[in-house]
file target.pdb (PDB, C-alpha atoms)
ATOM      1  CA  MET A   1      16.739   8.747  23.834
ATOM      2  CA  HIS A   2      15.009  10.793  26.522
ATOM      3  CA  ALA A   3      11.663  10.675  24.707
ATOM      4  CA  SER A   4      11.806   6.883  24.531
ATOM      5  CA  GLN A   5      12.684   6.530  28.230
ATOM      6  CA  VAL A   6       9.308   7.609  29.584
ATOM      7  CA  CYS A   7       8.122   4.014  29.918
ATOM      8  CA  ASP A   8       9.171   0.423  29.270
ATOM      9  CA  LEU A   9       8.928  -0.320  25.540
ATOM     10  CA  ALA A  10       9.390  -4.091  25.824
ATOM     11  CA  GLY A  11       6.349  -5.750  24.243
ATOM     12  CA  ALA A  12       4.701  -2.380  23.627
ATOM     13  CA  THR A  13       2.939  -1.070  20.547
ATOM     14  CA  VAL A  14       4.597   2.230  19.687
ATOM     15  CA  ALA A  15       3.520   4.993  17.308
ATOM     16  CA  ILE A  16       6.144   7.481  16.133
ATOM     17  CA  THR A  17       4.795  10.636  14.511
ATOM     18  CA  GLY A  18       7.544  12.149  12.407
ATOM     19  CA  PHE A  19      10.348  10.076  10.877
ATOM     20  CA  GLY A  20      13.175  12.573  10.757
ATOM     21  CA  PRO A  21      16.530  11.759  12.358
ATOM     22  CA  ILE A  22      15.138  11.792  15.909
ATOM     23  CA  GLY A  23      12.096   9.724  14.959
ATOM     24  CA  ALA A  24      14.349   7.273  13.122
ATOM     25  CA  MET A  25      16.570   6.836  16.159
ATOM     26  CA  ALA A  26      13.485   6.441  18.355
ATOM     27  CA  ALA A  27      12.271   3.657  16.057
ATOM     28  CA  ALA A  28      15.647   1.932  16.321
ATOM     29  CA  ILE A  29      15.543   2.209  20.120
ATOM     30  CA  ALA A  30      11.961   0.897  20.239
ATOM     31  CA  GLU A  31      12.810  -2.127  18.089
ATOM     32  CA  HIS A  32      16.008  -2.825  20.024
ATOM     33  CA  SER A  33      14.112  -2.498  23.322
ATOM     34  CA  GLY A  34      11.639  -5.187  22.284
ATOM     35  CA  ALA A  35       8.622  -3.224  21.072
ATOM     36  CA  SER A  36       6.148  -5.629  19.508
ATOM     37  CA  THR A  37       4.896  -3.196  16.861
ATOM     38  CA  VAL A  38       6.063   0.175  15.553
ATOM     39  CA  VAL A  39       3.733   2.480  13.624
ATOM     40  CA  VAL A  40       5.415   5.363  11.793
ATOM     41  CA  THR A  41       3.688   8.382  10.275
ATOM     42  CA  ASP A  42       5.221  11.132   8.178
ATOM     43  CA  VAL A  43       4.389  13.363   5.204
ATOM     44  CA  SER A  44       7.424  12.312   3.169
ATOM     45  CA  ASP A  45       7.375   9.171   1.031
ATOM     46  CA  HIS A  46      11.177   9.144   1.092
ATOM     47  CA  ALA A  47      11.217   9.099   4.895
ATOM     48  CA  LEU A  48       8.656   6.292   5.004
ATOM     49  CA  GLU A  49      10.557   4.257   2.416
ATOM     50  CA  THR A  50      13.649   4.707   4.577
ATOM     51  CA  ALA A  51      11.659   3.341   7.529
ATOM     52  CA  ARG A  52      10.579   0.314   5.490
ATOM     53  CA  ARG A  53      14.137  -0.383   4.295
ATOM     54  CA  TRP A  54      15.423  -0.128   7.859
ATOM     55  CA  ALA A  55      12.774  -2.566   9.126
ATOM     56  CA  ALA A  56      13.535  -5.008   6.299
ATOM     57  CA  GLY A  57      17.238  -4.825   7.090
ATOM     58  CA  ARG A  58      16.466  -5.684  10.714
ATOM     59  CA  SER A  59      13.991  -8.433   9.722
ATOM     60  CA  PHE A  60      11.448  -6.478  11.772
ATOM     61  CA  SER A  61       8.112  -7.415  10.235
ATOM     62  CA  ASN A  62       5.866  -5.383  12.551
ATOM     63  CA  LEU A  63       6.663  -1.970  11.097
ATOM     64  CA  HIS A  64       3.672  -0.106   9.634
ATOM     65  CA  ALA A  65       4.360   3.169   7.791
ATOM     66  CA  PHE A  66       1.707   5.681   6.701
ATOM     67  CA  ASN A  67       1.846   8.919   4.745
ATOM     68  CA  VAL A  68      -0.630  11.143   6.573
ATOM     69  CA  ARG A  69      -0.509  13.779   3.832
ATOM     70  CA  THR A  70      -1.684  11.490   1.021
ATOM     71  CA  THR A  71      -3.823   9.095   3.083
ATOM     72  CA  ASP A  72      -7.032  10.135   4.798
ATOM     73  CA  ILE A  73      -6.323  10.389   8.520
ATOM     74  CA  VAL A  74      -9.473   8.459   9.417
ATOM     75  CA  SER A  75      -8.243   5.575   7.265
ATOM     76  CA  VAL A  76      -4.887   5.638   9.050
ATOM     77  CA  GLU A  77      -6.598   5.631  12.446
ATOM     78  CA  LYS A  78      -8.750   2.660  11.397
ATOM     79  CA  ALA A  79      -5.624   0.838  10.238
ATOM     80  CA  VAL A  80      -3.940   1.450  13.604
ATOM     81  CA  GLU A  81      -7.089   0.235  15.354
ATOM     82  CA  ALA A  82      -6.932  -2.992  13.338
ATOM     83  CA  ILE A  83      -3.190  -3.419  13.967
ATOM     84  CA  THR A  84      -3.743  -3.095  17.736
ATOM     85  CA  ASP A  85      -6.881  -5.278  17.845
ATOM     86  CA  GLY A  86      -8.998  -2.277  18.752
ATOM     87  CA  GLN A  87      -6.930  -1.356  21.802
ATOM     88  CA  GLY A  88      -4.868   1.545  20.486
ATOM     89  CA  VAL A  89      -1.104   1.940  20.856
ATOM     90  CA  ASP A  90       0.571   1.809  24.244
ATOM     91  CA  VAL A  91       2.950   4.688  23.587
ATOM     92  CA  VAL A  92       3.067   7.632  21.180
ATOM     93  CA  LEU A  93       6.446   9.272  20.556
ATOM     94  CA  GLU A  94       5.535  12.625  19.019
ATOM     95  CA  MET A  95       8.493  14.069  17.121
ATOM     96  CA  SER A  96       6.954  16.453  14.590
ATOM     97  CA  GLY A  97       5.271  19.251  16.553
ATOM     98  CA  SER A  98       2.406  19.143  14.072
ATOM     99  CA  PRO A  99      -0.977  19.845  15.709
ATOM    100  CA  ALA A 100      -2.520  17.240  13.390
ATOM    101  CA  ALA A 101       0.056  14.671  14.532
ATOM    102  CA  ILE A 102      -0.538  15.481  18.196
ATOM    103  CA  ASN A 103      -4.285  15.009  17.776
ATOM    104  CA  PHE A 104      -3.664  11.829  15.784
ATOM    105  CA  GLY A 105      -1.585  10.547  18.684
ATOM    106  CA  LEU A 106      -4.388  11.315  21.119
ATOM    107  CA  ASP A 107      -6.836   9.503  18.844
ATOM    108  CA  VAL A 108      -4.784   6.304  18.513
ATOM    109  CA  VAL A 109      -3.312   5.967  22.014
ATOM    110  CA  LYS A 110      -5.050   3.420  24.209
ATOM    111  CA  MET A 111      -6.914   4.055  27.454
ATOM    112  CA  GLY A 112      -4.291   4.916  30.057
ATOM    113  CA  GLY A 113      -1.585   5.144  27.402
ATOM    114  CA  THR A 114       1.356   7.533  27.234
ATOM    115  CA  LEU A 115       2.281  10.352  24.876
ATOM    116  CA  SER A 116       5.905  11.467  24.936
ATOM    117  CA  LEU A 117       5.905  14.928  23.383
ATOM    118  CA  LEU A 118       9.155  16.211  21.886
ATOM    119  CA  GLY A 119       8.098  18.084  18.728
ATOM    120  CA  LEU A 120       7.678  21.868  18.918
ATOM    121  CA  PRO A 121       4.631  23.331  17.144
ATOM    122  CA  ALA A 122       4.968  26.436  15.025
ATOM    123  CA  GLY A 123       3.436  29.365  16.878
ATOM    124  CA  HIS A 124       3.697  27.472  20.187
ATOM    125  CA  ALA A 125      -0.059  26.823  20.559
ATOM    126  CA  VAL A 126      -1.950  23.595  19.844
ATOM    127  CA  THR A 127      -5.706  23.030  19.815
ATOM    128  CA  ILE A 128      -6.782  19.624  21.109
ATOM    129  CA  ASP A 129      -9.750  18.486  19.060
ATOM    130  CA  ASP A 130     -11.454  16.458  21.790
ATOM    131  CA  TYR A 131      -9.923  17.150  25.189
ATOM    132  CA  THR A 132     -12.747  15.482  27.106
ATOM    133  CA  ARG A 133     -12.652  12.170  25.235
ATOM    134  CA  ASN A 134      -8.979  11.896  24.364
ATOM    135  CA  VAL A 135      -7.349  13.257  27.518
ATOM    136  CA  ILE A 136      -9.703  13.097  30.491
ATOM    137  CA  PHE A 137     -11.859  10.080  29.700
ATOM    138  CA  LYS A 138      -8.887   8.153  28.316
ATOM    139  CA  GLY A 139      -6.781   8.907  31.377
ATOM    140  CA  VAL A 140      -3.676   9.361  29.257
ATOM    141  CA  ARG A 141      -0.281  10.493  30.471
ATOM    142  CA  LEU A 142       1.227  13.459  28.624
ATOM    143  CA  GLN A 143       4.981  13.751  29.136
ATOM    144  CA  GLY A 144       6.783  16.804  27.797
ATOM    145  CA  ILE A 145      10.413  16.213  26.832
ATOM    146  CA  ILE A 146      13.112  18.846  27.214
ATOM    147  CA  GLY A 147      16.824  18.237  26.897
ATOM    148  CA  ARG A 148      18.129  15.122  28.583
ATOM    149  CA  ARG A 149      18.325  13.524  31.994
ATOM    150  CA  MET A 150      21.763  14.205  33.429
ATOM    151  CA  TYR A 151      23.504  11.809  33.129
ATOM    152  CA  GLY A 152      21.042   8.974  32.778
ATOM    153  CA  THR A 153      20.211   9.591  29.110
ATOM    154  CA  TRP A 154      23.834   9.303  28.018
ATOM    155  CA  GLN A 155      24.491   6.293  30.226
ATOM    156  CA  ARG A 156      21.401   4.508  28.909
ATOM    157  CA  MET A 157      22.321   5.295  25.303
ATOM    158  CA  LEU A 158      25.862   4.015  25.765
ATOM    159  CA  ALA A 159      24.479   0.821  27.291
ATOM    160  CA  LEU A 160      22.147   0.323  24.322
ATOM    161  CA  LEU A 161      24.982   0.896  21.847
ATOM    162  CA  ARG A 162      27.142  -1.613  23.672
ATOM    163  CA  SER A 163      24.281  -4.123  23.528
ATOM    164  CA  GLY A 164      24.038  -3.810  19.736
ATOM    165  CA  LEU A 165      21.760  -0.843  19.007
ATOM    166  CA  ASP A 166      22.453   0.280  15.439
ATOM    167  CA  VAL A 167      21.859   3.921  14.537
ATOM    168  CA  GLU A 168      24.645   4.353  11.968
ATOM    169  CA  TRP A 169      22.090   3.986   9.177
ATOM    170  CA  VAL A 170      20.526   7.308  10.234
ATOM    171  CA  VAL A 171      23.604   9.066   8.787
ATOM    172  CA  GLN A 172      22.792   8.929   5.088
ATOM    173  CA  ALA A 173      25.242  11.450   3.668
ATOM    174  CA  THR A 174      28.816  12.362   4.591
ATOM    175  CA  PHE A 175      31.063  15.070   3.155
ATOM    176  CA  ASP A 176      34.823  15.493   3.465
ATOM    177  CA  SER A 177      34.710  19.266   3.411
ATOM    178  CA  LEU A 178      32.572  22.186   4.548
ATOM    179  CA  ALA A 179      32.775  23.341   0.934
ATOM    180  CA  ASP A 180      29.868  20.928   0.380
ATOM    181  CA  PHE A 181      27.796  22.457   3.186
ATOM    182  CA  HIS A 182      25.017  23.796   0.959
ATOM    183  CA  GLU A 183      24.703  20.527  -0.940
ATOM    184  CA  GLY A 184      24.489  18.563   2.310
ATOM    185  CA  MET A 185      21.885  20.834   3.855
ATOM    186  CA  SER A 186      19.900  20.787   0.615
ATOM    187  CA  ARG A 187      19.745  16.986   0.802
ATOM    188  CA  PHE A 188      18.622  17.237   4.407
ATOM    189  CA  ASP A 189      15.955  19.862   3.663
ATOM    190  CA  LYS A 190      14.600  17.748   0.791
ATOM    191  CA  HIS A 191      14.363  14.690   3.089
ATOM    192  CA  GLU A 192      16.914  12.919   0.903
ATOM    193  CA  ALA A 193      19.077  12.225   3.966
ATOM    194  CA  LEU A 194      17.943  11.791   7.566
ATOM    195  CA  LYS A 195      21.220  13.057   8.977
ATOM    196  CA  VAL A 196      24.191  14.669   7.274
ATOM    197  CA  VAL A 197      27.729  14.654   8.717
ATOM    198  CA  PHE A 198      30.511  17.011   7.647
ATOM    199  CA  PHE A 199      34.209  16.293   8.242
ATOM    200  CA  PRO A 200      36.034  19.660   7.896
ATOM    201  CA  GLU A 201      39.429  17.901   7.866
ATOM    202  CA  GLY A 202      38.186  14.844   5.986
ATOM    203  CA  GLU A 203      36.702  11.612   7.320
ATOM    204  CA  ALA A 204      40.046   9.799   7.344
ATOM    205  CA  ALA A 205      41.546  12.441   9.648
ATOM    206  CA  ALA A 206      38.505  12.270  11.915
ATOM    207  CA  GLN A 207      38.715   8.481  12.156
ATOM    208  CA  LYS A 208      42.434   8.701  12.929
ATOM    209  CA  ARG A 209      41.709  11.195  15.723
ATOM    210  CA  LEU A 210      39.307   8.692  17.302
ATOM    211  CA  ARG A 211      41.896   5.891  17.473
TER     212      ARG A 211
END

call {"tool": "encode", "arguments": {"input": "target.pdb", "output": "structure tokens"}}
result
Amino acid sequence: MHASQVCDLAGATVAITGFGPIGAMAAAIAEHSGASTVVVTDVSDHALETARRWAAGRSFSNLHAFNVRTTDIVSVEKAVEAITDGQGVDVVLEMSGSPAAINFGLDVVKMGGTLSLLGLPAGHAVTIDDYTRNVIFKGVRLQGIIGRRMYGTWQRMLALLRSGLDVEWVVQATFDSLADFHEGMSRFDKHEALKVVFFPEGEAAAQKRLR
């Protein structure tokens, strides 16, 4: 939620690098907020197929999903250039922490565009391939994301949910016992489920508690 709040997404072209549970929810927020186009990149075919199924279920035709492990990155960048009529995307929501994804975001963002940076790179350091061209000469805004805005993030999210935002589909596996913990986490680690929920007392008991 916080990462998607850095600017107005209505009518914007949005690239989301990393389609895990946070990237999936960011895509849902972008579509619900009126983004004109959403570009998703990931290294998992399962994650990208999930993105395509979600878009089809929403009748959202302007979803473009690319596997940046199996597709040459230059080809993906050219595709994004064509999708945006040579302008580049308005906003990049970087969820992966991958140095390659961060540099991809800098390549495809438009002049004066925004990168919202949530992903944490392994080893903490990132090398920017072309700082002069992609940061200074582009005049981009780099916004680091940490935690949430108290209490604005929660209030905004509640408002979006009340207005019809659907993120239930992100939960793709539920278990009625912690005895299935290892199975659930295995499905998560294998990208077979974006988010896994465990009900230690059973889902029925949890639902009853909420009434």

call {"tool": "atom_distance", "arguments": {"input": "target.pdb", "atom1": "atom CA of A:Val91", "atom2": "atom CA of A:Asp130"}}
result
18.7 Å

call {"tool": "residues_around", "arguments": {"input": "target.pdb", "residues": "A:Arg156", "least_positions_apart": "3", "cutoff": "12 Å", "atoms": "all atoms listed in the file", "output": "PDB file with C-alpha atoms, in the frame of the given file"}}
result
ATOM      1  CA  MET A   1      16.739   8.747  23.834  1.00  0.00           C
ATOM      2  CA  HIS A   2      15.009  10.793  26.522  1.00  0.00           C
ATOM      3  CA  SER A   4      11.806   6.883  24.531  1.00  0.00           C
ATOM      4  CA  GLN A   5      12.684   6.530  28.230  1.00  0.00           C
ATOM      5  CA  ILE A  29      15.543   2.209  20.120  1.00  0.00           C
ATOM      6  CA  SER A  33      14.112  -2.498  23.322  1.00  0.00           C
ATOM      7  CA  ARG A 148      18.129  15.122  28.583  1.00  0.00           C
ATOM      8  CA  ARG A 149      18.325  13.524  31.994  1.00  0.00           C
ATOM      9  CA  MET A 150      21.763  14.205  33.429  1.00  0.00           C
ATOM     10  CA  TYR A 151      23.504  11.809  33.129  1.00  0.00           C
ATOM     11  CA  GLY A 152      21.042   8.974  32.778  1.00  0.00           C
ATOM     12  CA  THR A 153      20.211   9.591  29.110  1.00  0.00           C
ATOM     13  CA  ALA A 159      24.479   0.821  27.291  1.00  0.00           C
ATOM     14  CA  LEU A 160      22.147   0.323  24.322  1.00  0.00           C
ATOM     15  CA  LEU A 161      24.982   0.896  21.847  1.00  0.00           C
ATOM     16  CA  ARG A 162      27.142  -1.613  23.672  1.00  0.00           C
ATOM     17  CA  SER A 163      24.281  -4.123  23.528  1.00  0.00           C
ATOM     18  CA  LEU A 165      21.760  -0.843  19.007  1.00  0.00           C
TER      19      LEU A 165
END

call {"tool": "residues_around", "arguments": {"input": "target.pdb", "residues": "A:Glu203", "least_positions_apart": "5", "cutoff": "9 Å", "atoms": "only C-alpha atoms", "output": "ChimeraX atom specification"}}
result
/A:174-177,198,208

call {"tool": "residues_around", "arguments": {"input": "target.pdb", "residues": "A:Phe19", "least_positions_apart": "4", "cutoff": "6 Å", "atoms": "all atoms listed in the file", "output": "MDAnalysis selection string"}}
result
chainID A and resid 23:24 42

call {"tool": "atom_distance", "arguments": {"input": "target.pdb", "atom1": "atom CA of A:Ile145", "atom2": "atom CA of A:Val92"}}
result
12.6 Å

call {"tool": "closest_residue", "arguments": {"input": "target.pdb", "among": "A:Gln207, A:Ser75, A:Thr84, A:Asn67", "to": "A:Ser36", "atoms": "only C-alpha atoms"}}
result
A:Thr84

call {"tool": "atom_distance", "arguments": {"input": "target.pdb", "atom1": "atom CA of A:His191", "atom2": "atom CA of A:Gly20"}}
result
8.0 Å

call {"tool": "resolve_selection", "arguments": {"input": "target.pdb", "expression": "the PyMOL selection byres ((chain A and resi 166-172) around 6)", "output": "list in words"}}
result
Leu165, Ala173, Ala193, Leu194, Lys195 and Val196 of chain A

call {"tool": "write_last_selection", "arguments": {"input": "target.pdb", "atoms": "C-alpha atoms", "output": "PDB file, keeping the file's coordinate frame"}}
result
ATOM      1  CA  LEU A 165      21.760  -0.843  19.007  1.00  0.00           C
ATOM      2  CA  ALA A 173      25.242  11.450   3.668  1.00  0.00           C
ATOM      3  CA  ALA A 193      19.077  12.225   3.966  1.00  0.00           C
ATOM      4  CA  LEU A 194      17.943  11.791   7.566  1.00  0.00           C
ATOM      5  CA  LYS A 195      21.220  13.057   8.977  1.00  0.00           C
ATOM      6  CA  VAL A 196      24.191  14.669   7.274  1.00  0.00           C
TER       7      VAL A 196
END

call {"tool": "closest_residue", "arguments": {"input": "target.pdb", "among": "A:Gly105, A:Pro99, A:Gly164, A:Gly86", "to": "A:Asn134", "atoms": "only C-alpha atoms"}}
result
A:Gly105

call {"tool": "axis_aligned_box", "arguments": {"input": "target.pdb", "around": "stretch 76-83 of chain A", "padding_each_side": "4 Å", "output": "AutoDock Vina command-line options"}}
result
--center_x -6.0 --center_y 1.1 --center_z 12.2 --size_x 13.6 --size_y 17.1 --size_z 14.3

call {"tool": "resolve_selection", "arguments": {"input": "target.pdb", "expression": "the PyMOL selection byres ((chain A and resi 87) around 12)", "output": "list of chain:residue names"}}
result
A:Ala12, A:Thr13, A:Glu77, A:Lys78, A:Ala79, A:Val80, A:Glu81, A:Ala82, A:Ile83, A:Thr84, A:Asp85, A:Gly86, A:Gly88, A:Val89, A:Asp90, A:Val91, A:Asp107, A:Val108, A:Val109, A:Lys110, A:Met111, A:Gly112, A:Gly113, A:Lys138

call {"tool": "resolve_selection", "arguments": {"input": "target.pdb", "expression": "the PyMOL selection byres ((chain A and resi 127) around 10)", "output": "count of residues only"}}
result
10

call {"tool": "closest_residue", "arguments": {"input": "target.pdb", "among": "A:Ala205, A:Pro21, A:Ile136, A:Gly34", "to": "A:Glu192", "atoms": "all atoms listed in the file"}}
result
A:Pro21

call {"tool": "closest_residue", "arguments": {"input": "target.pdb", "among": "A:His32, A:Ser61, A:Ile146, A:Thr41", "to": "A:Ala3", "atoms": "all atoms listed in the file"}}
result
A:Ile146

call {"tool": "closest_residue", "arguments": {"input": "target.pdb", "among": "A:Val197, A:Arg52, A:Thr114, A:Asp45", "to": "A:Thr70", "atoms": "only C-alpha atoms"}}
result
A:Asp45

call {"tool": "build_atoms", "arguments": {"input": "target.pdb", "residues": "stretch 25-36 of chain A", "atoms": "all heavy atoms", "output": "tab-separated table (two decimals), in the frame of the given file"}}
result
chain	number	residue	atom	x	y	z
A	25	MET	N	15.83	7.41	15.03
A	25	MET	CA	16.57	6.84	16.16
A	25	MET	C	15.62	6.28	17.22
A	25	MET	O	15.89	5.26	17.84
A	25	MET	CB	17.52	7.87	16.75
A	25	MET	CG	18.76	8.07	15.89
A	25	MET	SD	20.03	9.09	16.64
A	25	MET	CE	19.50	10.71	16.08
A	26	ALA	N	14.48	6.95	17.41
A	26	ALA	CA	13.48	6.44	18.36
A	26	ALA	C	12.94	5.09	17.90
A	26	ALA	O	12.72	4.19	18.71
A	26	ALA	CB	12.34	7.45	18.51
A	27	ALA	N	12.74	4.94	16.58
A	27	ALA	CA	12.27	3.66	16.06
A	27	ALA	C	13.31	2.57	16.30
A	27	ALA	O	12.97	1.44	16.68
A	27	ALA	CB	11.99	3.78	14.56
A	28	ALA	N	14.58	2.90	16.08
A	28	ALA	CA	15.65	1.93	16.32
A	28	ALA	C	15.70	1.53	17.79
A	28	ALA	O	15.86	0.35	18.12
A	28	ALA	CB	16.98	2.51	15.88
A	29	ILE	N	15.53	2.50	18.68
A	29	ILE	CA	15.54	2.21	20.12
A	29	ILE	C	14.34	1.35	20.50
A	29	ILE	O	14.46	0.39	21.27
A	29	ILE	CB	15.56	3.52	20.93
A	29	ILE	CG1	16.91	4.22	20.77
A	29	ILE	CG2	15.28	3.25	22.41
A	29	ILE	CD1	16.93	5.63	21.31
A	30	ALA	N	13.17	1.67	19.93
A	30	ALA	CA	11.96	0.90	20.24
A	30	ALA	C	12.12	-0.55	19.80
A	30	ALA	O	11.82	-1.48	20.57
A	30	ALA	CB	10.75	1.53	19.56
A	31	GLU	N	12.62	-0.75	18.59
A	31	GLU	CA	12.81	-2.13	18.09
A	31	GLU	C	13.84	-2.87	18.93
A	31	GLU	O	13.64	-4.02	19.32
A	31	GLU	CB	13.24	-2.07	16.62
A	31	GLU	CG	13.35	-3.43	15.94
A	31	GLU	CD	14.74	-4.02	16.03
A	31	GLU	OE1	15.71	-3.27	16.23
A	31	GLU	OE2	14.85	-5.27	15.94
A	32	HIS	N	14.95	-2.20	19.24
A	32	HIS	CA	16.01	-2.82	20.02
A	32	HIS	C	15.54	-3.14	21.45
A	32	HIS	O	15.99	-4.12	22.05
A	32	HIS	CB	17.23	-1.90	20.07
A	32	HIS	CG	18.43	-2.51	20.74
A	32	HIS	ND1	19.21	-3.45	20.12
A	32	HIS	CD2	18.97	-2.31	21.97
A	32	HIS	CE1	20.19	-3.81	20.93
A	32	HIS	NE2	20.06	-3.14	22.06
A	33	SER	N	14.62	-2.32	21.96
A	33	SER	CA	14.11	-2.50	23.32
A	33	SER	C	13.01	-3.54	23.42
A	33	SER	O	12.49	-3.79	24.50
A	33	SER	CB	13.62	-1.16	23.89
A	33	SER	OG	14.66	-0.20	23.91
A	34	GLY	N	12.61	-4.11	22.27
A	34	GLY	CA	11.64	-5.19	22.28
A	34	GLY	C	10.21	-4.79	22.02
A	34	GLY	O	9.29	-5.55	22.33
A	35	ALA	N	9.99	-3.61	21.43
A	35	ALA	CA	8.62	-3.22	21.07
A	35	ALA	C	8.03	-4.26	20.13
A	35	ALA	O	8.71	-4.75	19.22
A	35	ALA	CB	8.61	-1.85	20.40
A	36	SER	N	6.78	-4.60	20.35
A	36	SER	CA	6.15	-5.63	19.51
A	36	SER	C	5.76	-5.09	18.14
A	36	SER	O	5.80	-5.80	17.14
A	36	SER	CB	4.91	-6.19	20.21
A	36	SER	OG	3.93	-5.18	20.40
